[in-house]
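Dropping coords_27.pdb in here (PDB, C-alpha atoms):
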```pdb
MODEL        1
ATOM      1  CA  MET A   1       2.690-112.571  90.804
ATOM      2  CA  ASP A   2       4.027-116.126  91.108
ATOM      3  CA  SER A   3       7.017-115.259  88.900
ATOM      4  CA  ILE A   4       7.869-112.271  91.129
ATOM      5  CA  ILE A   5       7.735-114.441  94.261
ATOM      6  CA  LYS A   6       9.863-117.128  92.596
ATOM      7  CA  ARG A   7      12.517-114.601  91.519
ATOM      8  CA  HIS A   8      12.389-112.964  94.967
ATOM      9  CA  HIS A   9      13.448-116.281  96.508
ATOM     10  CA  SER A  10      16.198-116.934  93.969
ATOM     11  CA  ASP A  11      19.877-116.123  94.402
ATOM     12  CA  ASP A  12      20.554-115.046  90.821
ATOM     13  CA  ALA A  13      20.752-111.261  91.243
ATOM     14  CA  GLY A  14      21.489-108.680  93.916
ATOM     15  CA  PHE A  15      18.080-107.156  93.266
ATOM     16  CA  CYS A  16      16.206-110.443  93.779
ATOM     17  CA  ARG A  17      15.429-109.703  97.450
ATOM     18  CA  HIS A  18      13.853-106.388  96.417
ATOM     19  CA  TYR A  19      11.368-107.569  93.757
ATOM     20  CA  MET A  20       8.465-107.805  96.202
ATOM     21  CA  THR A  21       9.397-104.420  97.680
ATOM     22  CA  LEU A  22       9.477-102.899  94.205
ATOM     23  CA  TYR A  23       6.081-104.372  93.351
ATOM     24  CA  ALA A  24       4.612-103.133  96.662
ATOM     25  CA  ILE A  25       6.061 -99.623  96.282
ATOM     26  CA  THR A  26       4.815 -99.295  92.707
ATOM     27  CA  LEU A  27       1.339-100.451  93.724
ATOM     28  CA  GLY A  28       1.258 -98.537  97.017
ATOM     29  CA  MET A  29       2.341 -95.285  95.353
ATOM     30  CA  GLU A  30      -0.461 -95.817  92.821
ATOM     31  CA  ALA A  31       2.295 -95.042  90.315
ATOM     32  CA  GLN A  32       1.170 -93.547  87.039
ATOM     33  CA  ASN A  33       4.442 -92.556  85.419
ATOM     34  CA  VAL A  34       7.558 -94.542  86.327
ATOM     35  CA  PHE A  35      11.101 -94.154  85.011
ATOM     36  CA  GLU A  36      13.789 -96.825  85.244
ATOM     37  CA  PHE A  37      17.525 -96.595  84.583
ATOM     38  CA  GLY A  38      18.466-100.120  83.529
ATOM     39  CA  ALA A  39      15.961-102.808  82.607
ATOM     40  CA  GLY A  40      15.456-106.427  83.526
ATOM     41  CA  PHE A  41      13.227-108.417  85.822
ATOM     42  CA  SER A  42      12.659-105.276  87.892
ATOM     43  CA  SER A  43      10.813-103.910  84.843
ATOM     44  CA  TYR A  44       8.437-106.860  84.924
ATOM     45  CA  ALA A  45       7.843-106.516  88.673
ATOM     46  CA  MET A  46       6.853-102.874  88.189
ATOM     47  CA  LEU A  47       4.773-103.658  85.100
ATOM     48  CA  GLU A  48       2.748-106.185  87.114
ATOM     49  CA  ALA A  49       1.893-103.478  89.652
ATOM     50  CA  LEU A  50       1.279-100.919  86.885
ATOM     51  CA  LYS A  51      -1.400-103.235  85.458
ATOM     52  CA  LYS A  52      -3.335-102.527  88.661
ATOM     53  CA  THR A  53      -2.613 -98.777  88.803
ATOM     54  CA  GLY A  54      -3.121 -98.100  85.100
ATOM     55  CA  GLY A  55       0.300 -96.473  84.958
ATOM     56  CA  ARG A  56       3.145 -96.802  82.507
ATOM     57  CA  LEU A  57       6.878 -97.439  82.590
ATOM     58  CA  THR A  58       9.705 -95.823  80.670
ATOM     59  CA  SER A  59      13.026 -97.680  80.834
ATOM     60  CA  CYS A  60      16.423 -96.695  79.490
ATOM     61  CA  ASP A  61      19.142 -99.290  78.912
ATOM     62  CA  ILE A  62      21.887-100.030  76.415
ATOM     63  CA  VAL A  63      20.779-103.680  76.271
ATOM     64  CA  PRO A  64      17.732-104.066  73.975
ATOM     65  CA  GLN A  65      14.483-105.278  75.557
ATOM     66  CA  LYS A  66      11.114-106.319  74.163
ATOM     67  CA  PRO A  67       8.723-103.733  75.578
ATOM     68  CA  GLN A  68       5.137-104.633  76.380
ATOM     69  CA  ASP A  69       1.964-102.611  76.497
ATOM     70  CA  LYS A  70       2.404 -99.581  78.805
ATOM     71  CA  TRP A  71       6.219 -99.902  78.531
ATOM     72  CA  ASN A  72       8.238 -97.321  76.620
ATOM     73  CA  PHE A  73      11.782 -98.622  76.149
ATOM     74  CA  ILE A  74      14.634 -96.299  75.180
ATOM     75  CA  ASN A  75      17.644 -98.222  73.842
ATOM     76  CA  ALA A  76      20.359 -95.668  74.643
ATOM     77  CA  ASN A  77      22.945 -94.485  77.123
ATOM     78  CA  SER A  78      21.166 -92.671  79.970
ATOM     79  CA  LEU A  79      23.344 -89.575  79.599
ATOM     80  CA  GLU A  80      22.119 -89.113  76.025
ATOM     81  CA  ILE A  81      18.351 -89.082  76.615
ATOM     82  CA  PHE A  82      17.838 -85.789  78.429
ATOM     83  CA  PRO A  83      16.015 -83.462  78.306
ATOM     84  CA  ILE A  84      12.786 -85.386  78.867
ATOM     85  CA  LYS A  85       9.512 -83.493  79.061
ATOM     86  CA  GLU A  86       7.653 -85.871  81.407
ATOM     87  CA  THR A  87       7.284 -85.920  85.170
ATOM     88  CA  PHE A  88       7.561 -89.007  87.348
ATOM     89  CA  ASP A  89       6.134 -90.252  90.629
ATOM     90  CA  LEU A  90       8.544 -93.190  90.926
ATOM     91  CA  VAL A  91      12.100 -93.669  89.628
ATOM     92  CA  LEU A  92      14.365 -96.716  89.924
ATOM     93  CA  HIS A  93      18.089 -96.469  89.251
ATOM     94  CA  ASP A  94      19.734 -99.831  88.633
ATOM     95  CA  GLY A  95      21.616 -98.943  85.463
ATOM     96  CA  SER A  96      25.215 -97.793  85.345
ATOM     97  CA  HIS A  97      27.207 -98.333  88.517
ATOM     98  CA  GLU A  98      29.856 -95.728  87.717
ATOM     99  CA  LYS A  99      29.699 -93.055  90.409
ATOM    100  CA  ASP A 100      29.864 -90.066  88.036
ATOM    101  CA  VAL A 101      27.229 -91.497  85.674
ATOM    102  CA  VAL A 102      24.833 -92.354  88.515
ATOM    103  CA  GLU A 103      25.286 -88.894  90.024
ATOM    104  CA  GLN A 104      24.530 -87.223  86.680
ATOM    105  CA  ASP A 105      21.565 -89.524  86.010
ATOM    106  CA  LEU A 106      20.091 -88.542  89.378
ATOM    107  CA  LYS A 107      20.765 -84.837  88.799
ATOM    108  CA  ASN A 108      18.979 -85.132  85.441
ATOM    109  CA  ILE A 109      15.909 -86.979  86.748
ATOM    110  CA  ILE A 110      15.302 -85.364  90.157
ATOM    111  CA  PRO A 111      13.975 -82.061  88.701
ATOM    112  CA  LEU A 112      11.432 -84.152  86.716
ATOM    113  CA  MET A 113      10.004 -85.787  89.824
ATOM    114  CA  LYS A 114       6.792 -84.823  91.553
ATOM    115  CA  GLN A 115       6.777 -83.671  95.158
ATOM    116  CA  ASP A 116       6.624 -86.756  97.440
ATOM    117  CA  ALA A 117       7.781 -89.016  94.587
ATOM    118  CA  LEU A 118      10.077 -91.919  95.431
ATOM    119  CA  LEU A 119      13.549 -92.419  93.995
ATOM    120  CA  LEU A 120      15.013 -95.907  94.477
ATOM    121  CA  VAL A 121      18.737 -96.521  93.970
ATOM    122  CA  HIS A 122      20.080-100.067  94.045
ATOM    123  CA  ASP A 123      23.553-101.245  95.115
ATOM    124  CA  THR A 124      24.192 -98.366  97.514
ATOM    125  CA  GLU A 125      25.718-100.809 100.040
ATOM    126  CA  HIS A 126      27.883-102.654  97.483
ATOM    127  CA  LYS A 127      31.547-102.440  98.518
ATOM    128  CA  ASP A 128      32.832-102.183  94.930
ATOM    129  CA  PHE A 129      30.793 -99.109  93.974
ATOM    130  CA  GLN A 130      30.564 -95.557  95.301
ATOM    131  CA  LEU A 131      26.836 -95.196  94.783
ATOM    132  CA  LYS A 132      26.116 -93.952  98.300
ATOM    133  CA  GLU A 133      28.410 -90.999  97.561
ATOM    134  CA  ALA A 134      26.759 -90.452  94.156
ATOM    135  CA  VAL A 135      23.347 -90.286  95.862
ATOM    136  CA  GLU A 136      24.609 -87.832  98.487
ATOM    137  CA  ASN A 137      26.158 -85.561  95.842
ATOM    138  CA  ALA A 138      23.060 -85.594  93.632
ATOM    139  CA  LEU A 139      20.731 -84.789  96.541
ATOM    140  CA  LYS A 140      22.960 -82.198  98.194
ATOM    141  CA  TYR A 141      20.615 -79.276  97.453
ATOM    142  CA  THR A 142      17.300 -81.144  97.302
ATOM    143  CA  GLU A 143      14.884 -81.436 100.201
ATOM    144  CA  HIS A 144      14.386 -85.161 100.808
ATOM    145  CA  GLU A 145      14.042 -88.044 103.258
ATOM    146  CA  LYS A 146      15.807 -91.367 102.833
ATOM    147  CA  VAL A 147      16.347 -94.818 104.213
ATOM    148  CA  THR A 148      18.485 -97.704 102.984
ATOM    149  CA  LEU A 149      17.453-101.342 103.108
ATOM    150  CA  PRO A 150      20.807-103.036 103.877
ATOM    151  CA  TYR A 151      20.244-106.387 102.153
ATOM    152  CA  GLY A 152      20.691-107.338  98.493
ATOM    153  CA  TYR A 153      23.590-104.841  98.183
ATOM    154  CA  GLY A 154      21.341-102.069  99.487
ATOM    155  CA  LEU A 155      18.301-100.291  98.154
ATOM    156  CA  THR A 156      18.133 -96.630  99.091
ATOM    157  CA  ILE A 157      14.604 -95.210  99.104
ATOM    158  CA  ILE A 158      14.431 -91.439  98.790
ATOM    159  CA  ARG A 159      11.273 -89.363  99.129
ATOM    160  CA  ILE A 160      11.602 -86.104  97.211
ATOM    161  CA  LYS A 161      10.106 -83.376  99.404
ATOM    162  CA  GLU A 162      11.110 -80.532  97.101
ATOM    163  CA  ASP A 163       8.439 -78.925  94.918
ATOM    164  CA  PHE A 164       9.818 -78.582  91.381
ATOM    165  CA  GLY A 165       6.445 -77.462  90.012
ATOM    166  CA  ASN A 166       5.642 -80.940  88.642
ATOM    167  CA  GLY A 167       2.628 -81.566  90.845
ATOM    168  CA  LYS A 168       2.442 -83.754  93.901
ATOM    169  CA  VAL A 169       1.978 -87.481  94.299
ATOM    170  CA  GLU A 170      -1.548 -87.973  95.590
ATOM    171  CA  ILE A 171      -2.404 -91.404  96.979
ATOM    172  CA  LYS A 172      -6.159 -91.960  96.876
ATOM    173  CA  TRP A 173      -6.455 -95.464  98.379
ATOM    174  CA  ARG A 174      -7.862 -95.636 101.876
ATOM    175  CA  LYS A 175      -8.632 -98.621 104.055
ATOM    176  CA  SER A 176     -12.278 -99.624 103.972
ATOM    177  CA  THR A 177     -13.987 -99.138 107.297
TER     178      THR A 177
ENDMDL
END
```
Since I need it in another form, could you write the structure as structure tokens?
Amino acid sequence: MDSIIKRHHSDDAGFCRHYMTLYAITLGMEAQNVFEFGAGFSSYAMLEALKKTGGRLTSCDIVPQKPQDKWNFINANSLEIFPIKETFDLVLHDGSHEKDVVEQDLKNIIPLMKQDALLLVHDTEHKDFQLKEAVENALKYTEHEKVTLPYGYGLTIIRIKEDFGNGKVEIKWRKST
């Protein structure tokens, strides 16, 4: 946890201000099956939370990584890995920043998400990318809710309300009384 806090307070990446959010979302969602486009320190933040939930992470990136226990790493271009036969309750997109690639990645992964799953897309407020438009295009026909955190180049959080027949995210934790 100390390494996540330290990186959160650094200025070395646009995602740095979101590491604690990512950890909290992964833990709060009681995530069991997480998919990530792109890999890096965000992978480690999610893996820390997944140690508590018992879940696992699948990441896809063209830059090789050294996966750990509960981490399936696919060293490939994201457009070449589908179809995938798994379903996901949390997805992070911080891979390609090309509008058309991001849009296709999202179109490929959304039908694999559970109802009430969360889809996180980074850099949606970055002035050099058209990721906000990619998100809008990919979600055009999908029932969803969304909000964008405006800092750190933007992190758009999308709750998939559509039922694709993949089950529903069920959060079991309740406050002790």
Fill in: Output check: residues returned by the PyMOL selection byres ((chain A and resi 80) around 12), as a ChimeraX atom specification
/A:60-62,74-79,81-84,101,104-105,108
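Take the PyMOL selection byres ((chain A and resi 103) around 7) and apply it to this file: it picks Lys99, Asp100, Val101, Val102, Gln104, Asp105, Leu106, Lys107, Ala134, Val135, Asn137 and Ala138 of chain A.
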Practice prompt. Take the PyMOL selection byres ((chain A and resi 152-166) around 6), apply it to the structure above, and return the hits as a PyMOL selection string.
Written response: chain A and resi 14-15+17+114-126+143-151+167
- Could you check how far atom CA of A:Arg174 sits from atom CA of A:Glu30, in Å to one decimal?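 Pair atom CA of A:Arg174 / atom CA of A:Glu30 returns 11.7 Å.
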From atom CA of A:Pro64 to atom CA of A:Gln130 the spacing works out at 26.3 Å
Subset file: stretch 43-171 of chain A, C-alpha atoms, as a CSV table (one decimal), in the first residue's frame:
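Wrote it out as decode-v1.csv, contents follow:
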```
chain,number,residue,atom,x,y,z
A,43,SER,CA,-1.5,-3.2,-12.8
A,44,TYR,CA,0.2,-3.3,-9.4
A,45,ALA,CA,-2.4,-1.1,-7.8
A,46,MET,CA,-5.2,-3.4,-8.9
A,47,LEU,CA,-3.2,-6.5,-8.0
A,48,GLU,CA,-2.8,-5.2,-4.4
A,49,ALA,CA,-6.6,-4.9,-4.2
A,50,LEU,CA,-7.1,-8.2,-5.9
A,51,LYS,CA,-5.0,-9.9,-3.1
A,52,LYS,CA,-7.9,-8.9,-0.8
A,53,THR,CA,-10.7,-9.9,-3.1
A,54,GLY,CA,-9.2,-13.1,-4.4
A,55,GLY,CA,-9.7,-11.9,-7.9
A,56,ARG,CA,-7.4,-12.0,-10.9
A,57,LEU,CA,-6.1,-9.6,-13.6
A,58,THR,CA,-5.7,-10.1,-17.3
A,59,SER,CA,-3.6,-7.4,-19.0
A,60,CYS,CA,-2.8,-6.8,-22.7
A,61,ASP,CA,0.1,-4.7,-23.8
A,62,ILE,CA,2.7,-4.7,-26.5
A,63,VAL,CA,5.4,-4.0,-23.9
A,64,PRO,CA,6.4,-7.2,-22.1
A,65,GLN,CA,5.8,-7.4,-18.4
A,66,LYS,CA,6.7,-9.9,-15.6
A,67,PRO,CA,3.3,-11.2,-14.5
A,68,GLN,CA,2.8,-12.3,-10.9
A,69,ASP,CA,0.4,-14.8,-9.3
A,70,LYS,CA,-3.2,-14.0,-10.3
A,71,TRP,CA,-2.0,-12.0,-13.3
A,72,ASN,CA,-2.4,-13.3,-16.8
A,73,PHE,CA,-0.4,-11.1,-19.2
A,74,ILE,CA,-1.0,-11.1,-22.9
A,75,ASN,CA,1.9,-9.7,-24.9
A,76,ALA,CA,0.0,-8.6,-28.0
A,77,ASN,CA,-1.8,-5.8,-29.8
A,78,SER,CA,-5.3,-5.4,-28.2
A,79,LEU,CA,-7.0,-5.7,-31.6
A,80,GLU,CA,-5.5,-9.2,-32.1
A,81,ILE,CA,-6.7,-10.8,-28.9
A,82,PHE,CA,-10.4,-11.1,-29.5
A,83,PRO,CA,-12.6,-13.1,-29.2
A,84,ILE,CA,-12.1,-13.8,-25.4
A,85,LYS,CA,-14.4,-16.2,-23.7
A,86,GLU,CA,-14.3,-14.6,-20.2
A,87,THR,CA,-16.5,-12.0,-18.6
A,88,PHE,CA,-15.4,-9.1,-16.5
A,89,ASP,CA,-16.6,-7.0,-13.6
A,90,LEU,CA,-14.0,-4.3,-14.0
A,91,VAL,CA,-12.1,-3.0,-17.1
A,92,LEU,CA,-9.4,-0.4,-17.3
A,93,HIS,CA,-8.4,1.1,-20.7
A,94,ASP,CA,-5.0,2.9,-20.6
A,95,GLY,CA,-3.5,1.3,-23.6
A,96,SER,CA,-3.5,2.8,-27.1
A,97,HIS,CA,-4.6,6.4,-27.3
A,98,GLU,CA,-5.6,6.3,-31.0
A,99,LYS,CA,-9.3,7.1,-31.2
A,100,ASP,CA,-10.2,4.3,-33.6
A,101,VAL,CA,-8.2,1.7,-31.7
A,102,VAL,CA,-9.7,2.7,-28.3
A,103,GLU,CA,-13.2,2.7,-29.8
A,104,GLN,CA,-12.7,-0.8,-31.2
A,105,ASP,CA,-11.2,-2.0,-28.0
A,106,LEU,CA,-14.2,-0.8,-26.1
A,107,LYS,CA,-16.6,-2.3,-28.6
A,108,ASN,CA,-14.8,-5.6,-28.2
A,109,ILE,CA,-14.8,-5.7,-24.4
A,110,ILE,CA,-18.2,-4.1,-23.5
A,111,PRO,CA,-20.2,-7.2,-24.5
A,112,LEU,CA,-17.9,-9.3,-22.2
A,113,MET,CA,-18.8,-7.2,-19.2
A,114,LYS,CA,-21.2,-8.1,-16.4
A,115,GLN,CA,-24.3,-5.9,-15.7
A,116,ASP,CA,-23.2,-3.1,-13.3
A,117,ALA,CA,-19.5,-3.7,-14.1
A,118,LEU,CA,-17.3,-0.6,-14.3
A,119,LEU,CA,-15.3,0.5,-17.3
A,120,LEU,CA,-12.5,3.0,-16.6
A,121,VAL,CA,-11.0,5.0,-19.5
A,122,HIS,CA,-8.0,7.2,-18.8
A,123,ASP,CA,-6.9,10.3,-20.7
A,124,THR,CA,-10.4,11.3,-21.7
A,125,GLU,CA,-9.7,15.0,-20.9
A,126,HIS,CA,-6.3,15.1,-22.6
A,127,LYS,CA,-6.3,17.8,-25.3
A,128,ASP,CA,-4.1,15.8,-27.7
A,129,PHE,CA,-6.4,12.7,-27.9
A,130,GLN,CA,-10.0,12.2,-29.0
A,131,LEU,CA,-10.8,9.6,-26.3
A,132,LYS,CA,-13.9,11.2,-25.1
A,133,GLU,CA,-15.3,10.8,-28.6
A,134,ALA,CA,-14.1,7.2,-28.8
A,135,VAL,CA,-16.0,6.5,-25.5
A,136,GLU,CA,-19.2,8.1,-26.8
A,137,ASN,CA,-19.1,6.2,-30.1
A,138,ALA,CA,-18.4,2.8,-28.4
A,139,LEU,CA,-21.2,3.3,-25.9
A,140,LYS,CA,-23.7,4.8,-28.3
A,141,TYR,CA,-26.1,1.7,-28.1
A,142,THR,CA,-25.3,0.5,-24.6
A,143,GLU,CA,-27.2,1.4,-21.5
A,144,HIS,CA,-24.8,3.0,-19.1
A,145,GLU,CA,-24.0,5.8,-16.6
A,146,LYS,CA,-20.8,7.7,-16.5
A,147,VAL,CA,-18.8,10.4,-14.8
A,148,THR,CA,-15.4,11.9,-15.5
A,149,LEU,CA,-12.8,12.8,-12.9
A,150,PRO,CA,-11.2,15.9,-14.5
A,151,TYR,CA,-7.7,15.7,-13.0
A,152,GLY,CA,-4.8,13.6,-14.2
A,153,TYR,CA,-5.9,14.0,-17.9
A,154,GLY,CA,-9.3,12.6,-17.0
A,155,LEU,CA,-10.6,9.2,-15.8
A,156,THR,CA,-14.0,8.4,-17.2
A,157,ILE,CA,-15.9,5.9,-15.0
A,158,ILE,CA,-18.7,4.1,-16.8
A,159,ARG,CA,-21.2,1.7,-15.2
A,160,ILE,CA,-22.5,-0.8,-17.7
A,161,LYS,CA,-26.3,-1.1,-17.0
A,162,GLU,CA,-26.9,-3.3,-20.0
A,163,ASP,CA,-27.5,-7.0,-19.4
A,164,PHE,CA,-25.4,-9.0,-21.9
A,165,GLY,CA,-26.2,-12.3,-20.3
A,166,ASN,CA,-22.8,-12.4,-18.4
A,167,GLY,CA,-24.3,-12.2,-14.9
A,168,LYS,CA,-24.4,-9.2,-12.6
A,169,VAL,CA,-21.8,-7.7,-10.3
A,170,GLU,CA,-22.9,-8.6,-6.8
A,171,ILE,CA,-21.3,-6.7,-4.0
```
